[in-house]
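Below is structure.cif, holding mmCIF, C-alpha atoms and all ligand atoms.
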```cif
data_work
loop_
_atom_site.label_atom_id
_atom_site.label_comp_id
_atom_site.auth_asym_id
_atom_site.auth_seq_id
_atom_site.Cartn_x
_atom_site.Cartn_y
_atom_site.Cartn_z
CA MET A 1 0.00 0.00 0.00
CA ASN A 2 1.24 3.48 -0.88
CA HIS A 3 1.96 5.40 2.34
CA LYS A 4 1.11 8.79 0.83
CA ILE A 5 -1.92 10.38 -0.77
CA GLU A 6 -1.36 12.87 -3.57
CA LEU A 7 -3.08 16.22 -3.14
CA ASN A 8 -3.97 18.50 -6.05
CA THR A 9 -0.84 20.48 -5.30
CA LEU A 10 2.65 19.00 -5.42
CA THR A 11 2.21 17.92 -1.80
CA ASN A 12 1.85 14.33 -0.67
CA MET A 13 -0.12 13.65 2.50
CA PRO A 14 0.79 10.63 4.68
CA ILE A 15 -2.07 8.15 4.99
CA LEU A 16 -1.87 8.00 8.80
CA GLY A 17 -2.11 11.14 10.90
CA PHE A 18 -1.60 12.07 14.54
CA GLY A 19 -3.73 14.70 16.32
CA VAL A 20 -3.31 16.67 19.54
CA PHE A 21 -6.85 17.88 20.29
CA GLN A 22 -7.48 18.13 24.06
CA VAL A 23 -3.77 17.83 24.89
CA THR A 24 -3.73 21.25 26.51
CA ASP A 25 -0.81 20.76 28.88
CA GLN A 26 2.11 22.21 26.91
CA LYS A 27 4.72 19.76 28.17
CA GLU A 28 2.45 16.83 27.46
CA ALA A 29 1.65 18.13 23.97
CA LYS A 30 5.33 18.61 23.13
CA GLN A 31 6.21 15.14 24.44
CA ALA A 32 3.30 13.55 22.58
CA VAL A 33 4.46 15.04 19.28
CA LEU A 34 8.07 14.04 19.94
CA ASP A 35 6.93 10.49 20.74
CA ALA A 36 4.63 10.37 17.73
CA ILE A 37 7.42 11.41 15.36
CA GLU A 38 9.77 8.95 17.04
CA GLN A 39 7.23 6.15 16.55
CA GLY A 40 6.97 7.02 12.86
CA TYR A 41 4.16 9.56 12.46
CA ARG A 42 4.84 12.29 9.91
CA LEU A 43 1.43 14.00 9.75
CA ILE A 44 0.79 16.14 12.82
CA ASP A 45 -2.64 17.76 13.20
CA THR A 46 -3.07 20.79 15.44
CA ALA A 47 -5.31 23.88 15.38
CA ALA A 48 -5.38 27.42 16.73
CA SER A 49 -8.24 26.32 18.97
CA TYR A 50 -6.25 23.45 20.54
CA GLY A 51 -3.97 25.94 22.30
CA ASN A 52 -0.86 23.84 21.67
CA GLU A 53 0.66 25.16 18.42
CA GLN A 54 3.69 26.47 20.29
CA ALA A 55 4.32 23.11 21.97
CA VAL A 56 3.93 21.33 18.62
CA GLY A 57 6.45 23.76 17.13
CA GLU A 58 8.93 23.08 19.93
CA ALA A 59 8.71 19.35 19.26
CA ILE A 60 9.24 19.92 15.52
CA LYS A 61 12.35 21.97 16.34
CA GLU A 62 13.70 19.32 18.67
CA THR A 63 13.18 16.21 16.55
CA ASP A 64 15.90 14.90 14.26
CA VAL A 65 13.38 14.36 11.48
CA SER A 66 13.76 17.10 8.92
CA ARG A 67 11.00 19.61 8.23
CA ASP A 68 10.46 18.45 4.64
CA GLU A 69 9.65 14.92 5.85
CA LEU A 70 6.92 16.23 8.13
CA PHE A 71 3.37 17.22 7.17
CA ILE A 72 2.07 19.87 9.56
CA THR A 73 -1.59 20.87 9.62
CA SER A 74 -3.22 23.71 11.53
CA LYS A 75 -6.70 25.21 11.41
CA LEU A 76 -8.38 28.58 11.43
CA TRP A 77 -10.71 29.27 14.36
CA LEU A 78 -13.96 31.25 14.09
CA ASP A 79 -12.59 34.29 15.91
CA SER A 80 -10.53 34.92 12.75
CA THR A 81 -12.96 34.44 9.87
CA GLY A 82 -12.79 36.95 7.02
CA TYR A 83 -9.98 38.16 4.77
CA GLU A 84 -7.90 40.40 7.05
CA ALA A 85 -8.37 38.33 10.21
CA THR A 86 -7.39 35.14 8.39
CA LYS A 87 -4.22 36.72 7.00
CA GLN A 88 -3.30 37.57 10.58
CA ALA A 89 -4.31 34.11 11.86
CA ILE A 90 -2.01 32.42 9.33
CA LYS A 91 0.85 34.64 10.53
CA ASP A 92 -0.03 33.83 14.14
CA SER A 93 -0.10 30.06 13.57
CA LEU A 94 3.22 30.18 11.70
CA SER A 95 4.72 32.31 14.43
CA LEU A 96 3.53 30.06 17.30
CA LEU A 97 4.69 26.96 15.43
CA ASP A 98 7.86 28.82 14.45
CA LEU A 99 7.56 27.47 10.91
CA GLU A 100 8.14 29.03 7.52
CA TYR A 101 5.24 27.14 5.97
CA LEU A 102 2.33 24.84 6.81
CA ASP A 103 1.67 21.74 4.72
CA LEU A 104 -2.08 22.06 5.18
CA PHE A 105 -4.31 24.77 6.62
CA LEU A 106 -8.01 24.14 7.16
CA ILE A 107 -11.05 26.30 7.84
CA HIS A 108 -11.99 24.55 11.09
CA GLN A 109 -15.74 25.14 11.01
CA PRO A 110 -18.13 26.00 8.14
CA TYR A 111 -19.38 29.32 9.56
CA GLY A 112 -18.57 33.02 9.35
CA ASP A 113 -17.02 34.75 6.34
CA ILE A 114 -15.60 31.62 4.74
CA PHE A 115 -15.12 33.32 1.35
CA GLY A 116 -12.96 36.07 2.84
CA SER A 117 -10.94 33.46 4.73
CA TRP A 118 -10.61 31.33 1.61
CA LYS A 119 -9.23 34.26 -0.41
CA ALA A 120 -6.60 34.93 2.27
CA MET A 121 -5.70 31.23 2.36
CA ALA A 122 -5.39 31.04 -1.43
CA GLU A 123 -3.08 34.07 -1.36
CA ALA A 124 -1.00 32.55 1.42
CA LYS A 125 -0.68 29.43 -0.69
CA GLU A 126 0.46 31.50 -3.68
CA ALA A 127 3.00 33.17 -1.40
CA GLY A 128 4.35 29.78 -0.28
CA LEU A 129 3.17 30.07 3.33
CA ILE A 130 0.83 27.09 2.95
CA LYS A 131 1.23 24.11 0.60
CA ALA A 132 -2.38 22.94 0.55
CA ILE A 133 -5.67 24.47 1.71
CA GLY A 134 -8.82 22.75 2.85
CA VAL A 135 -11.80 22.72 5.15
CA SER A 136 -13.21 20.78 8.07
CA ASN A 137 -16.74 19.81 9.04
CA PHE A 138 -18.16 21.05 5.73
CA SER A 139 -21.31 19.38 4.36
CA ILE A 140 -21.82 18.47 0.69
CA ALA A 141 -23.57 21.78 0.05
CA GLN A 142 -20.96 23.82 1.94
CA VAL A 143 -17.99 22.27 0.09
CA THR A 144 -19.68 22.66 -3.27
CA ASN A 145 -20.73 26.23 -2.52
CA LEU A 146 -17.18 27.23 -1.55
CA ALA A 147 -15.55 25.43 -4.47
CA GLU A 148 -17.94 26.56 -7.19
CA PHE A 149 -18.27 30.20 -6.14
CA SER A 150 -14.57 30.75 -5.38
CA GLY A 151 -13.26 28.65 -8.25
CA ILE A 152 -10.84 26.96 -5.81
CA LYS A 153 -11.67 23.46 -4.64
CA PRO A 154 -10.65 22.52 -1.08
CA GLU A 155 -8.02 19.80 -1.26
CA VAL A 156 -9.13 18.18 1.99
CA ASN A 157 -12.27 18.03 4.14
CA GLN A 158 -11.56 16.77 7.66
CA ILE A 159 -14.75 15.24 9.05
CA GLU A 160 -15.90 12.88 11.78
CA VAL A 161 -15.59 9.26 10.61
CA ASN A 162 -15.78 6.29 12.97
CA PRO A 163 -17.75 3.02 12.98
CA PHE A 164 -20.76 4.71 14.60
CA ASN A 165 -20.78 7.70 12.27
CA GLN A 166 -19.44 6.62 8.91
CA ASN A 167 -20.55 9.64 6.88
CA VAL A 168 -20.96 7.44 3.79
CA GLN A 169 -22.84 9.89 1.59
CA LEU A 170 -20.45 12.78 2.31
CA VAL A 171 -17.33 10.62 1.85
CA ASP A 172 -18.62 9.20 -1.45
CA TYR A 173 -19.43 12.68 -2.70
CA LEU A 174 -16.07 14.18 -1.68
CA GLN A 175 -14.07 11.34 -3.21
CA ASP A 176 -16.03 11.62 -6.42
CA TYR A 177 -15.66 15.43 -6.47
CA GLY A 178 -11.88 15.22 -5.92
CA VAL A 179 -11.60 16.31 -2.28
CA LYS A 180 -9.47 14.08 -0.03
CA VAL A 181 -11.05 13.01 3.24
CA GLU A 182 -9.48 12.98 6.67
CA ALA A 183 -11.24 11.23 9.58
CA TRP A 184 -11.30 12.96 12.95
CA ALA A 185 -12.13 10.97 16.11
CA PRO A 186 -11.59 7.65 14.29
CA PHE A 187 -12.20 5.88 17.64
CA ALA A 188 -15.13 8.16 18.54
CA GLU A 189 -12.87 8.93 21.53
CA GLY A 190 -13.79 5.47 22.82
CA LYS A 191 -17.48 6.40 23.22
CA ASN A 192 -20.23 3.82 22.86
CA GLY A 193 -17.92 1.02 24.05
CA LEU A 194 -15.87 1.12 20.87
CA PHE A 195 -12.81 -0.49 22.46
CA THR A 196 -14.88 -3.41 23.82
CA ASN A 197 -17.23 -3.87 20.88
CA ALA A 198 -17.79 -7.60 20.29
CA LEU A 199 -18.02 -7.44 16.50
CA LEU A 200 -14.79 -5.41 16.23
CA GLN A 201 -13.08 -7.70 18.76
CA GLY A 202 -13.97 -10.78 16.68
CA ILE A 203 -12.48 -9.20 13.55
CA ALA A 204 -9.43 -8.04 15.51
CA ASP A 205 -8.83 -11.54 16.92
CA SER A 206 -8.96 -13.13 13.50
CA HIS A 207 -6.16 -10.83 12.29
CA ASN A 208 -4.17 -10.84 15.53
CA LYS A 209 -4.70 -7.11 15.77
CA SER A 210 -6.41 -4.76 18.24
CA ILE A 211 -9.78 -3.06 17.83
CA ALA A 212 -7.97 0.25 17.30
CA GLN A 213 -5.99 -1.28 14.45
CA VAL A 214 -9.10 -2.74 12.83
CA VAL A 215 -10.83 0.63 12.96
CA LEU A 216 -7.86 2.48 11.45
CA ARG A 217 -7.47 -0.19 8.78
CA TRP A 218 -11.18 0.06 7.92
CA ILE A 219 -10.74 3.83 7.48
CA VAL A 220 -7.58 3.48 5.36
CA GLN A 221 -9.36 0.91 3.16
CA ARG A 222 -12.01 3.56 2.47
CA ASN A 223 -9.18 5.80 1.17
CA ILE A 224 -9.60 8.10 4.13
CA VAL A 225 -6.70 9.46 6.21
CA PRO A 226 -7.39 8.78 9.92
CA ILE A 227 -6.16 11.35 12.43
CA ALA A 228 -5.79 9.41 15.68
CA LYS A 229 -4.82 10.75 19.09
CA SER A 230 -2.94 9.00 21.87
CA THR A 231 -0.45 10.26 24.42
CA LYS A 232 0.96 6.74 24.91
CA PRO A 233 3.94 5.71 22.74
CA GLU A 234 2.94 2.01 22.69
CA ARG A 235 -0.51 2.93 21.39
CA MET A 236 1.02 5.30 18.82
CA ALA A 237 3.15 2.41 17.54
CA GLN A 238 0.10 0.15 17.48
CA ASN A 239 -1.95 2.77 15.61
CA LEU A 240 0.76 3.03 12.94
CA ASP A 241 0.98 -0.72 12.48
CA VAL A 242 -2.07 -1.11 10.25
CA LEU A 243 -0.61 -1.43 6.78
CA ASP A 244 0.42 -5.11 6.89
CA PHE A 245 -3.05 -6.67 6.86
CA GLU A 246 -6.29 -6.29 4.95
CA LEU A 247 -9.93 -6.54 5.95
CA THR A 248 -12.04 -8.78 3.74
CA GLN A 249 -15.06 -7.44 1.91
CA SER A 250 -17.30 -9.32 4.33
CA GLU A 251 -15.54 -7.68 7.32
CA MET A 252 -15.86 -4.25 5.68
CA GLU A 253 -19.58 -4.93 5.20
CA LYS A 254 -20.05 -6.03 8.81
CA ILE A 255 -18.42 -2.81 10.05
CA ALA A 256 -20.56 -0.82 7.60
CA LYS A 257 -23.64 -2.13 9.45
CA MET A 258 -22.46 -0.46 12.69
CA ASP A 259 -23.29 2.95 11.22
CA THR A 260 -25.90 4.97 13.13
CA SER A 261 -25.40 7.99 10.83
CA GLU A 262 -25.28 10.22 13.89
CA SER A 263 -22.42 12.23 15.27
CA GLN A 264 -20.97 10.88 18.51
CA PHE A 265 -20.38 14.50 19.56
CA PHE A 266 -22.78 17.14 18.22
CA SER A 267 -24.58 18.12 15.06
CA HIS A 268 -23.04 20.88 12.98
CA GLU A 269 -26.62 21.88 12.13
CA ASP A 270 -27.47 22.63 15.77
CA PRO A 271 -28.02 26.41 16.08
CA GLU A 272 -27.08 26.37 19.77
CA MET A 273 -23.65 24.93 18.90
CA ILE A 274 -23.16 27.53 16.16
CA LYS A 275 -24.01 30.32 18.64
CA TRP A 276 -21.59 28.81 21.17
CA MET A 277 -18.81 28.60 18.61
CA ALA A 278 -19.46 32.12 17.37
CA ASN A 279 -18.77 33.40 20.86
CA ARG A 280 -15.70 31.28 21.55
CA SER A 281 -12.46 33.17 21.11
CA VAL A 282 -9.17 31.36 21.38
CA LYS A 283 -7.05 34.51 20.96
CA LYS A 284 -4.75 35.26 23.86
P1 LIG A 301 -9.86 9.68 18.88
O1 LIG A 301 -8.55 9.67 18.17
O2 LIG A 301 -11.04 9.02 18.26
O3 LIG A 301 -9.69 8.98 20.31
C1 LIG A 301 -8.67 9.28 21.19
C2 LIG A 301 -8.87 8.40 22.42
O4 LIG A 301 -8.57 7.04 22.08
C3 LIG A 301 -7.95 8.79 23.54
O5 LIG A 301 -8.70 8.65 24.74
C4 LIG A 301 -6.84 7.75 23.49
O6 LIG A 301 -6.34 7.53 24.78
C5 LIG A 301 -7.57 6.53 22.98
N1 LIG A 301 -6.72 5.63 22.18
C6 LIG A 301 -5.90 5.96 21.16
N2 LIG A 301 -5.30 4.87 20.64
C7 LIG A 301 -5.75 3.81 21.37
C8 LIG A 301 -5.49 2.41 21.31
N3 LIG A 301 -4.65 1.89 20.39
N4 LIG A 301 -6.11 1.61 22.21
C9 LIG A 301 -6.96 2.13 23.14
N5 LIG A 301 -7.25 3.45 23.23
C10 LIG A 301 -6.64 4.27 22.37
O7 LIG A 301 -10.31 11.17 19.31
P2 LIG A 301 -9.88 12.68 19.03
O8 LIG A 301 -8.61 13.01 19.72
O9 LIG A 301 -11.07 13.50 19.33
O10 LIG A 301 -9.61 12.73 17.46
C11 LIG A 301 -8.35 12.56 16.88
C12 LIG A 301 -7.84 13.84 16.27
O11 LIG A 301 -8.73 14.34 15.28
C13 LIG A 301 -7.70 15.02 17.26
O12 LIG A 301 -6.58 14.90 18.10
C14 LIG A 301 -7.65 16.17 16.31
O13 LIG A 301 -6.37 16.32 15.74
C15 LIG A 301 -8.66 15.76 15.26
N6 LIG A 301 -10.02 16.33 15.52
C16 LIG A 301 -10.50 17.27 14.67
C17 LIG A 301 -11.75 17.81 14.85
C18 LIG A 301 -12.26 18.83 13.87
O14 LIG A 301 -13.30 19.44 14.13
N7 LIG A 301 -11.60 19.04 12.76
C19 LIG A 301 -12.55 17.41 15.94
C20 LIG A 301 -12.05 16.43 16.81
C21 LIG A 301 -10.79 15.90 16.59
P3 LIG A 301 -4.79 7.82 25.20
O15 LIG A 301 -4.42 9.20 24.69
O16 LIG A 301 -4.81 7.72 26.67
O17 LIG A 301 -4.00 6.71 24.53
#
```

structure tokens encoding of this file:
Amino acid sequence: MNHKIELNTLTNMPILGFGVFQVTDQKEAKQAVLDAIEQGYRLIDTAASYGNEQAVGEAIKETDVSRDELFITSKLWLDSTGYEATKQAIKDSLSLLDLEYLDLFLIHQPYGDIFGSWKAMAEAKEAGLIKAIGVSNFSIAQVTNLAEFSGIKPEVNQIEVNPFNQNVQLVDYLQDYGVKVEAWAPFAEGKNGLFTNALLQGIADSHNKSIAQVVLRWIVQRNIVPIAKSTKPERMAQNLDVLDFELTQSEMEKIAKMDTSESQFFSHEDPEMIKWMANRSVKK
């Protein structure tokens, strides 16, 4: 299996990613990224709203792995939507990470002045500050609206994908439309008994793998890039070790039946969540 996915730009994206959402302790975040790189991760996923860009940057500085081997993603928070604010937010992320460029920058949530933000991101890409630009949590209509009315298609849409919320229609559409898909919360953060699920355990046993590995493999086999989080090096190693086995079609179909088509977290259509996000500033 090829370990990279080609984006529309000249950038290649690793097929396994590591994320640091909710790792707010700076020391822990730095150590997690150092451990992840040591274990073999090359795609690191952070965001302005995670409050750990500086710690991620310190780990990148400290590791022996060279910058051009790494694929660093950050995301724009809603307190910076619009053209001018996004230009500043890109500068701020680069400055906190202490990087000359980002491999991928995403609009974190599909609200606010996304067209202004998109223009600033496209310009930053032209200027070499960002290699690839994309979105996160965008629906079919929102991706298509942005792409068709700006003339610039997002290269990636990072969305929730796990066995309980498989997002089949959205994934099929994006892959057909030419937008690469990344899966956030591939384990649904362990909700719903994911790590003790009997069906997944049976499949895991038959391959001598863990449930986590089966889930990541199932995502990779759908041509989706999972972004998994763990602060434990042995789990990081385990979560990377998913490219030496294959799920059968019947196993893929059994996992497909676990879909409830509902987010394990919240609906992006919920007006109360949109109001909450609109009022959440992550600026210092
Ligand atoms: P997740 O990766 O689904 O789950 C993380 C949980 O699984 C942690 O509690 C971790 O515990 C545990 N875990 C990891 N590997 C394991 C293994 N092999 N065996 C048993 N348990 C294991 O959840 P997430 O952190 O919410 O999502 C992953 C990443 O996606 C984030 O870090 C972030 O980068 C991204 N994300 C993006 C968005 C967005 O809106 N774009 C939203 C959410 C997340 P330990 O750490 O203790 O190992």

Which residues come within 10 Å of segment 161-172 of chain A, counting all atoms listed in the file, excluding same-chain residues fewer than 3 positions away, as a PyMOL selection string?
chain A and resi 138-141+157-158+175-177+179-189+191-192+194+200+215-216+218-219+222-227+255-265

Residues within 9 Å of (-3.7, -6.3, 13.1), file coords, all atoms listed in the file, listed as a list of chain:residue names:
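Applying the cut-off with all atoms listed in the file, one gets A:Ala204, A:Asp205, A:Ser206, A:His207, A:Asn208, A:Lys209, A:Ser210, A:Ile211, A:Ala212, A:Gln213, A:Val214, A:Arg217, A:Gln238, A:Asp241, A:Val242, A:Leu243, A:Asp244, A:Phe245, A:Glu246.
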
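Across the structure, atom CA of His108 of chain A and atom CA of Gly193 of chain A are spaced 27.5 Å apart.
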
Closest-contact table, segment 98-120 of chain A side, partner segment 272-281 of chain A, 9 Å, counting all atoms listed in the file, as JSON lines:
```
{"residue": "A:Gln109", "atom": "CA", "partner": "A:Met277", "partner_atom": "CA", "distance": 8.9}
{"residue": "A:Tyr111", "atom": "CA", "partner": "A:Ile274", "partner_atom": "CA", "distance": 7.8}
{"residue": "A:Gly112", "atom": "CA", "partner": "A:Ala278", "partner_atom": "CA", "distance": 8.1}
```

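Here atom CA of Tyr101 of chain A and atom CA of Lys125 of chain A stand 9.2 Å from one another.
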
re atom CA of Ser95 of chain A and atom CA of Pro233 of chain A: distance 27.9 Å

Which residues, written as a ChimeraX atom specification, have at least one atom at most 12 Å from Asp113 of chain A, with only C-alpha atoms counted and residues fewer than 3 positions away on the same chain left out?
/A:76-86,107,109-110,116-120,146,278
